[in-house]
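Structure file target.pdb with PDB, C-alpha atoms and all ligand atoms:
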```
ATOM      1  CA  MET A   1     -75.977 -19.338  50.906  1.00  0.00           C
ATOM      2  CA  ASP A   2     -73.831 -17.392  48.442  1.00  0.00           C
ATOM      3  CA  LEU A   3     -75.720 -14.505  46.908  1.00  0.00           C
ATOM      4  CA  GLU A   4     -75.093 -11.288  45.110  1.00  0.00           C
ATOM      5  CA  LEU A   5     -76.963  -8.706  47.134  1.00  0.00           C
ATOM      6  CA  GLY A   6     -77.310  -4.975  47.069  1.00  0.00           C
ATOM      7  CA  VAL A   7     -76.066  -2.620  49.733  1.00  0.00           C
ATOM      8  CA  TRP A   8     -78.966  -0.195  50.066  1.00  0.00           C
ATOM      9  CA  ARG A   9     -79.395   3.093  51.788  1.00  0.00           C
ATOM     10  CA  TRP A  10     -82.458   3.147  54.017  1.00  0.00           C
ATOM     11  CA  GLN A  11     -84.071   5.928  55.957  1.00  0.00           C
ATOM     12  CA  CYS A  12     -85.868   5.688  59.267  1.00  0.00           C
ATOM     13  CA  LYS A  13     -89.224   7.449  59.121  1.00  0.00           C
ATOM     14  CA  GLU A  14     -89.063   8.031  62.853  1.00  0.00           C
ATOM     15  CA  THR A  15     -85.649   9.682  63.238  1.00  0.00           C
ATOM     16  CA  GLU A  16     -84.997  10.468  59.528  1.00  0.00           C
ATOM     17  CA  LYS A  17     -81.519   9.017  59.975  1.00  0.00           C
ATOM     18  CA  VAL A  18     -79.998   7.163  57.048  1.00  0.00           C
ATOM     19  CA  PHE A  19     -78.185   3.833  57.288  1.00  0.00           C
ATOM     20  CA  GLU A  20     -77.033   1.002  55.042  1.00  0.00           C
ATOM     21  CA  ALA A  21     -78.310  -2.568  54.990  1.00  0.00           C
ATOM     22  CA  LEU A  22     -78.409  -5.431  52.513  1.00  0.00           C
ATOM     23  CA  SER A  23     -81.325  -6.240  50.265  1.00  0.00           C
ATOM     24  CA  TRP A  24     -81.841  -7.812  46.877  1.00  0.00           C
ATOM     25  CA  ALA A  25     -79.789  -6.185  44.146  1.00  0.00           C
ATOM     26  CA  GLY A  26     -82.549  -6.078  41.528  1.00  0.00           C
ATOM     27  CA  ASP A  27     -85.984  -4.496  41.499  1.00  0.00           C
ATOM     28  CA  PHE A  28     -87.824  -7.780  41.733  1.00  0.00           C
ATOM     29  CA  GLY A  29     -86.351  -9.319  44.846  1.00  0.00           C
ATOM     30  CA  GLY A  30     -85.081 -12.867  44.966  1.00  0.00           C
ATOM     31  CA  SER A  31     -86.479 -15.839  43.142  1.00  0.00           C
ATOM     32  CA  TYR A  32     -90.050 -16.780  43.975  1.00  0.00           C
ATOM     33  CA  GLY A  33     -90.337 -17.728  47.620  1.00  0.00           C
ATOM     34  CA  GLU A  34     -86.925 -16.429  48.616  1.00  0.00           C
ATOM     35  CA  ILE A  35     -86.830 -13.877  51.395  1.00  0.00           C
ATOM     36  CA  LEU A  36     -84.203 -12.154  53.481  1.00  0.00           C
ATOM     37  CA  MET A  37     -84.563 -11.973  57.241  1.00  0.00           C
ATOM     38  CA  TYR A  38     -82.792  -9.480  59.482  1.00  0.00           C
ATOM     39  CA  ALA A  39     -81.530  -9.492  63.048  1.00  0.00           C
ATOM     40  CA  GLN A  40     -81.273  -6.381  65.133  1.00  0.00           C
ATOM     41  CA  ASN A  41     -77.456  -6.478  65.057  1.00  0.00           C
ATOM     42  CA  GLY A  42     -77.519  -6.246  61.255  1.00  0.00           C
ATOM     43  CA  ASP A  43     -76.975  -9.943  60.518  1.00  0.00           C
ATOM     44  CA  THR A  44     -78.880 -11.075  57.434  1.00  0.00           C
ATOM     45  CA  PHE A  45     -80.324 -14.542  56.830  1.00  0.00           C
ATOM     46  CA  PHE A  46     -81.676 -16.330  53.758  1.00  0.00           C
ATOM     47  CA  TRP A  47     -84.984 -18.214  53.685  1.00  0.00           C
ATOM     48  CA  ASP A  48     -86.168 -20.278  50.749  1.00  0.00           C
ATOM     49  CA  THR A  49     -89.802 -20.653  51.777  1.00  0.00           C
ATOM     50  CA  ILE A  50     -90.479 -23.164  49.007  1.00  0.00           C
ATOM     51  CA  LEU A  51     -87.826 -25.672  50.053  1.00  0.00           C
ATOM     52  CA  ASP A  52     -88.052 -24.816  53.750  1.00  0.00           C
ATOM     53  CA  LYS A  53     -91.794 -24.421  54.047  1.00  0.00           C
ATOM     54  CA  VAL A  54     -93.116 -26.413  57.001  1.00  0.00           C
ATOM     55  CA  ALA A  55     -92.671 -23.762  59.699  1.00  0.00           C
ATOM     56  CA  PHE A  56     -93.604 -21.025  57.207  1.00  0.00           C
ATOM     57  CA  GLU A  57     -96.909 -22.710  56.360  1.00  0.00           C
ATOM     58  CA  GLN A  58     -97.709 -23.574  59.958  1.00  0.00           C
ATOM     59  CA  CYS A  59     -97.139 -19.993  61.054  1.00  0.00           C
ATOM     60  CA  GLN A  60     -99.120 -18.662  58.093  1.00  0.00           C
ATOM     61  CA  GLY A  61    -101.986 -21.027  58.897  1.00  0.00           C
ATOM     62  CA  ILE A  62    -102.184 -19.729  62.458  1.00  0.00           C
ATOM     63  CA  VAL A  63    -102.145 -16.081  61.348  1.00  0.00           C
ATOM     64  CA  ASP A  64    -104.811 -16.749  58.690  1.00  0.00           C
ATOM     65  CA  GLU A  65    -107.000 -18.398  61.274  1.00  0.00           C
ATOM     66  CA  VAL A  66    -106.631 -15.514  63.715  1.00  0.00           C
ATOM     67  CA  VAL A  67    -107.211 -12.859  61.055  1.00  0.00           C
ATOM     68  CA  LEU A  68    -110.269 -14.651  59.691  1.00  0.00           C
ATOM     69  CA  LEU A  69    -111.695 -15.128  63.166  1.00  0.00           C
ATOM     70  CA  ASN A  70    -111.212 -11.441  63.780  1.00  0.00           C
ATOM     71  CA  LYS A  71    -113.734 -10.492  61.088  1.00  0.00           C
ATOM     72  CA  SER A  72    -114.184  -6.862  62.107  1.00  0.00           C
ATOM     73  CA  GLU A  73    -110.558  -6.253  61.107  1.00  0.00           C
ATOM     74  CA  LYS A  74    -110.872  -8.000  57.767  1.00  0.00           C
ATOM     75  CA  THR A  75    -109.963  -4.901  55.788  1.00  0.00           C
ATOM     76  CA  ARG A  76    -106.467  -4.843  57.252  1.00  0.00           C
ATOM     77  CA  PRO A  77    -103.730  -6.454  55.198  1.00  0.00           C
ATOM     78  CA  ASN A  78    -102.750  -9.884  56.399  1.00  0.00           C
ATOM     79  CA  PRO A  79     -99.960  -9.297  58.925  1.00  0.00           C
ATOM     80  CA  PHE A  80     -98.284 -12.666  58.380  1.00  0.00           C
ATOM     81  CA  LEU A  81     -95.029 -11.294  56.950  1.00  0.00           C
ATOM     82  CA  LYS A  82     -94.671  -8.977  59.920  1.00  0.00           C
ATOM     83  CA  VAL A  83     -94.577 -11.887  62.330  1.00  0.00           C
ATOM     84  CA  CYS A  84     -93.157 -14.772  60.277  1.00  0.00           C
ATOM     85  CA  GLY A  85     -89.765 -14.353  61.986  1.00  0.00           C
ATOM     86  CA  ILE A  86     -91.301 -15.822  65.106  1.00  0.00           C
ATOM     87  CA  CYS A  87     -90.990 -19.317  63.622  1.00  0.00           C
ATOM     88  CA  CYS A  88     -87.271 -18.809  62.937  1.00  0.00           C
ATOM     89  CA  ASP A  89     -84.626 -19.295  65.597  1.00  0.00           C
ATOM     90  CA  GLY A  90     -83.606 -16.008  67.129  1.00  0.00           C
ATOM     91  CA  ALA A  91     -80.397 -14.304  66.119  1.00  0.00           C
ATOM     92  CA  SER A  92     -77.199 -14.457  68.174  1.00  0.00           C
ATOM     93  CA  ASP A  93     -78.188 -11.121  69.719  1.00  0.00           C
ATOM     94  CA  GLY A  94     -81.512 -12.573  70.865  1.00  0.00           C
ATOM     95  CA  SER A  95     -83.607 -10.504  68.466  1.00  0.00           C
ATOM     96  CA  ILE A  96     -86.560 -11.893  66.534  1.00  0.00           C
ATOM     97  CA  LEU A  97     -85.812 -11.970  62.814  1.00  0.00           C
ATOM     98  CA  ARG A  98     -87.910  -9.731  60.614  1.00  0.00           C
ATOM     99  CA  VAL A  99     -88.384  -9.173  56.878  1.00  0.00           C
ATOM    100  CA  LYS A 100     -87.073  -5.601  56.939  1.00  0.00           C
ATOM    101  CA  PRO A 101     -83.805  -4.407  58.464  1.00  0.00           C
ATOM    102  CA  TYR A 102     -83.991  -3.018  61.978  1.00  0.00           C
ATOM    103  CA  CYS A 103     -83.263   0.679  62.230  1.00  0.00           C
ATOM    104  CA  PRO A 104     -79.967   0.931  64.158  1.00  0.00           C
ATOM    105  CA  TYR A 105     -81.092   4.159  65.824  1.00  0.00           C
ATOM    106  CA  CYS A 106     -84.550   3.428  67.181  1.00  0.00           C
ATOM    107  CA  GLU A 107     -84.844  -0.324  66.515  1.00  0.00           C
ATOM    108  CA  ASP A 108     -88.522  -0.508  65.695  1.00  0.00           C
ATOM    109  CA  GLY A 109     -89.228   2.473  63.451  1.00  0.00           C
ATOM    110  CA  GLU A 110     -90.705   2.104  59.983  1.00  0.00           C
ATOM    111  CA  ILE A 111     -87.999   2.384  57.358  1.00  0.00           C
ATOM    112  CA  ALA A 112     -87.999   3.286  53.680  1.00  0.00           C
ATOM    113  CA  GLN A 113     -85.655   1.891  51.050  1.00  0.00           C
ATOM    114  CA  LEU A 114     -83.883   4.832  49.376  1.00  0.00           C
ATOM    115  CA  GLU A 115     -81.256   3.785  46.867  1.00  0.00           C
ATOM    116  CA  LEU A 116     -78.815   1.099  45.844  1.00  0.00           C
ATOM    117  CA  VAL A 117     -75.232   1.965  46.804  1.00  0.00           C
ATOM    118  CA  THR A 118     -73.406  -1.043  45.405  1.00  0.00           C
ATOM    119  CA  THR A 119     -73.723  -4.777  44.976  1.00  0.00           C
ATOM    120  CA  LYS A 120     -71.564  -7.379  46.614  1.00  0.00           C
ATOM    121  CA  GLN A 121     -71.066 -11.094  46.887  1.00  0.00           C
ATOM    122  CA  VAL A 122     -72.032 -12.324  50.321  1.00  0.00           C
ATOM    123  CA  SER A 123     -72.305 -15.612  52.135  1.00  0.00           C
ATOM    124  CA  ILE A 124     -75.205 -15.569  54.580  1.00  0.00           C
ATOM    125  CA  PRO A 125     -76.670 -18.294  56.780  1.00  0.00           C
ATOM    126  CA  GLU A 126     -80.073 -19.844  56.188  1.00  0.00           C
ATOM    127  CA  VAL A 127     -82.749 -19.531  58.838  1.00  0.00           C
ATOM    128  CA  THR A 128     -83.414 -22.484  61.129  1.00  0.00           C
ATOM    129  CA  HIS A 129     -86.515 -23.481  63.109  1.00  0.00           C
ATOM    130  CA  HIS A 130     -85.256 -25.701  65.931  1.00  0.00           C
ATOM    131  CA  GLN A 131     -87.078 -23.772  68.639  1.00  0.00           C
ATOM    132  CA  TRP A 132     -90.355 -23.705  66.666  1.00  0.00           C
ATOM    133  CA  ASN A 133     -90.137 -27.396  65.808  1.00  0.00           C
ATOM    134  CA  SER A 134     -89.808 -28.281  69.488  1.00  0.00           C
ATOM    135  CA  LEU A 135     -93.165 -26.674  70.334  1.00  0.00           C
ATOM    136  CA  THR A 136     -96.587 -28.309  70.481  1.00  0.00           C
ATOM    137  CA  ASP A 137     -99.365 -27.024  68.200  1.00  0.00           C
ATOM    138  CA  GLU A 138    -100.859 -25.096  71.073  1.00  0.00           C
ATOM    139  CA  GLU A 139     -97.533 -23.515  72.023  1.00  0.00           C
ATOM    140  CA  LYS A 140     -97.011 -22.474  68.390  1.00  0.00           C
ATOM    141  CA  LYS A 141    -100.394 -20.832  68.319  1.00  0.00           C
ATOM    142  CA  ASN A 142     -99.768 -19.013  71.589  1.00  0.00           C
ATOM    143  CA  LEU A 143     -96.377 -17.808  70.389  1.00  0.00           C
ATOM    144  CA  VAL A 144     -97.842 -16.370  67.176  1.00  0.00           C
ATOM    145  CA  LEU A 145    -100.711 -14.780  69.097  1.00  0.00           C
ATOM    146  CA  SER A 146     -98.380 -13.120  71.569  1.00  0.00           C
ATOM    147  CA  GLU A 147     -96.244 -11.759  68.743  1.00  0.00           C
ATOM    148  CA  LEU A 148     -99.322 -10.404  66.915  1.00  0.00           C
ATOM    149  CA  ARG A 149    -100.400  -8.689  70.131  1.00  0.00           C
ATOM    150  CA  ARG A 150     -96.908  -7.384  70.947  1.00  0.00           C
ATOM    151  CA  LYS A 151     -96.595  -5.544  67.621  1.00  0.00           C
ATOM    152  CA  PRO A 152     -99.638  -4.856  67.997  1.00  0.00           C
ATOM    153  CA  LEU A 153    -101.317  -6.254  64.881  1.00  0.00           C
ATOM    154  CA  ILE A 154    -104.483  -7.637  66.453  1.00  0.00           C
TER     155      ILE A 154
HETATM  156 ZN    ZN B 201     -85.264   4.500  63.525  1.00  0.00          ZN
END
```

What is this structure when it is put down as C-alpha cells?
Amino acid sequence: MDLELGVWRWQCKETEKVFEALSWAGDFGGSYGEILMYAQNGDTFFWDTILDKVAFEQCQGIVDEVVLLNKSEKTRPNPFLKVCGICCDGASDGSILRVKPYCPYCEDGEIAQLELVTTKQVSIPEVTHHQWNSLTDEEKKNLVLSELRRKPLI
C-alpha cells in the first residue's frame, strides 16, 4: 500500500528516550477503518479493517464476549485494540503486531507521540491472517484469551 505517512518523534514513558517511527501525517489518522500496525523491528503494516474485516470482527467479538462476561471490570475501556494484532500474522522478527510502535529501548513501555518530523511517501505491506484463519473457533478464543492475560488486560 502506497501512503504518505508522517515520521514522528515518540518518547518512551519508561526510559524517557526519544525515537522516530511512522504514523499518519495528519491529525485525524487514516481514512475510517484504516489502521497502522507495528512490528518490534520497526516494520509498519497497513490494515483496512473495512475491506479486510473478517478476522478483525471475529477477534473483536471474542474480546467483547470476555469483557462483558467479566462484569466487575466493566468500567475499564474495551481492550480490543491492544490485542487485535493477535489475529494478524506475526512479523518477520516473530513479534506480535500492535497498534502503537514498539519502544526500541524497552520493547513494551508506554509511549507518547511528541511531534511530526517530516512526511514521506512509503510503500508498506498489508496485514495478513493466514495463521488466524487456520484456527478453529475454540483455538481463536483461546489465543485471544491468552493474549489478554499475557498483557495483562483481564
Ligand atoms: Zn521504552

Given the file shown, determine the residues that the PyMOL selection byres (((not hetatm)) within 9 of (chain B and resi 201)) selects; report them as an MDAnalysis selection string. chainID A and resid 11:18 102:111

From CA of Glu34 in chain A to CA of Glu20 in chain A the spacing works out at 21.0 Å

Near Asp48 in chain A, counting only C-alpha atoms, which residues have an atom at most 6 Å away, once you skip same-chain residues fewer than 3 positions from it, shown as a PDB file with C-alpha atoms, in the coordinates of the input?
```pdb
ATOM      1  CA  GLY A  33     -90.337 -17.728  47.620  1.00  0.00           C
ATOM      2  CA  GLU A  34     -86.925 -16.429  48.616  1.00  0.00           C
ATOM      3  CA  LEU A  51     -87.826 -25.672  50.053  1.00  0.00           C
ATOM      4  CA  ASP A  52     -88.052 -24.816  53.750  1.00  0.00           C
TER       5      ASP A  52
END
```

Since I can't run it myself right now, could you work out what the PyMOL selection byres (((chain A and resi 128) around 6) and not hetatm) selects here and report it as a ChimeraX atom specification? /A:88-89,127,129

Go ahead and save the picked residues with C-alpha atoms, as a short mmCIF file (atom, residue, chain, number, x, y, z; two decimals), in the coordinates of the input.
```
data_model
loop_
_atom_site.label_atom_id
_atom_site.label_comp_id
_atom_site.auth_asym_id
_atom_site.auth_seq_id
_atom_site.Cartn_x
_atom_site.Cartn_y
_atom_site.Cartn_z
CA CYS A 88 -87.27 -18.81 62.94
CA ASP A 89 -84.63 -19.30 65.60
CA VAL A 127 -82.75 -19.53 58.84
CA HIS A 129 -86.52 -23.48 63.11
#
```

Rounded to one decimal in Å, what is the spacing between CA of Ile124 in chain A and CA of Gly42 in chain A?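 Straight-line distance from CA of Ile124 in chain A to CA of Gly42 in chain A works out to 11.7 Å.
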
Would you mind listing what lies within 10 Å of Ile96 in chain A as JSON, numbers by chain, with only C-alpha atoms counted and same-chain residues fewer than 4 positions away left out? {"A": [37, 38, 39, 40, 83, 84, 85, 86, 87, 88, 89, 90, 91, 92, 147]}

At what distance in Å, to one decimal, does CA of Ser23 in chain A lie from CA of Val7 in chain A?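 Straight-line distance from CA of Val7 in chain A to CA of Ser23 in chain A works out to 6.4 Å.
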
Which of these residues is nearest to Trp132 in chain A, using all atoms listed in the file: A:Ala112, A:Leu81, A:Lys120, A:Ala55? A:Ala55

List, as a ChimeraX atom specification, every residue that the PyMOL selection byres (((chain A and resi 63) around 12) and not hetatm) selects in the file provided. /A:56-62,64-70,77-84,86-87,140-149,153-154

Using all atoms listed in the file, can you list as a PyMOL selection string the residues within 10 Å of (-70.4, -12.7, 50.8)? chain A and resi 1-5+120-124

Which of A:Glu139, A:Phe46, A:Asn133, A:Val117 sits closest to Gly6 in chain A [using only C-alpha atoms]: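 Smallest separation from Gly6 in chain A among the options: A:Val117.
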
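Comparing A:Asn41, A:Gln113, A:Thr49, A:Ser134 by their smallest distance to Leu97 in chain A, the closest is A:Asn41 (using all atoms listed in the file).
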
I'd like to know which of A:Leu22, A:Ile35, A:Leu114, A:Asp43 is closest to Asp93 in chain A, using all atoms listed in the file.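 Residue with the minimum atom-to-atom distance to Asp93 in chain A: A:Asp43.
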
Hey, can I get the axis-aligned box for range 133-142 of chain A? All listed atoms, 6 Å padding on each side, centre and edge lengths in Å to one decimal, as AutoDock Vina command-line options.
```
--center_x -95.3 --center_y -23.7 --center_z 68.9 --size_x 23.1 --size_y 21.3 --size_z 18.2
```

Nearest to Glu126 in chain A, chosen from A:Tyr32, A:Phe19, A:Trp10, A:Trp47, with only C-alpha atoms counted in the distances: A:Trp47
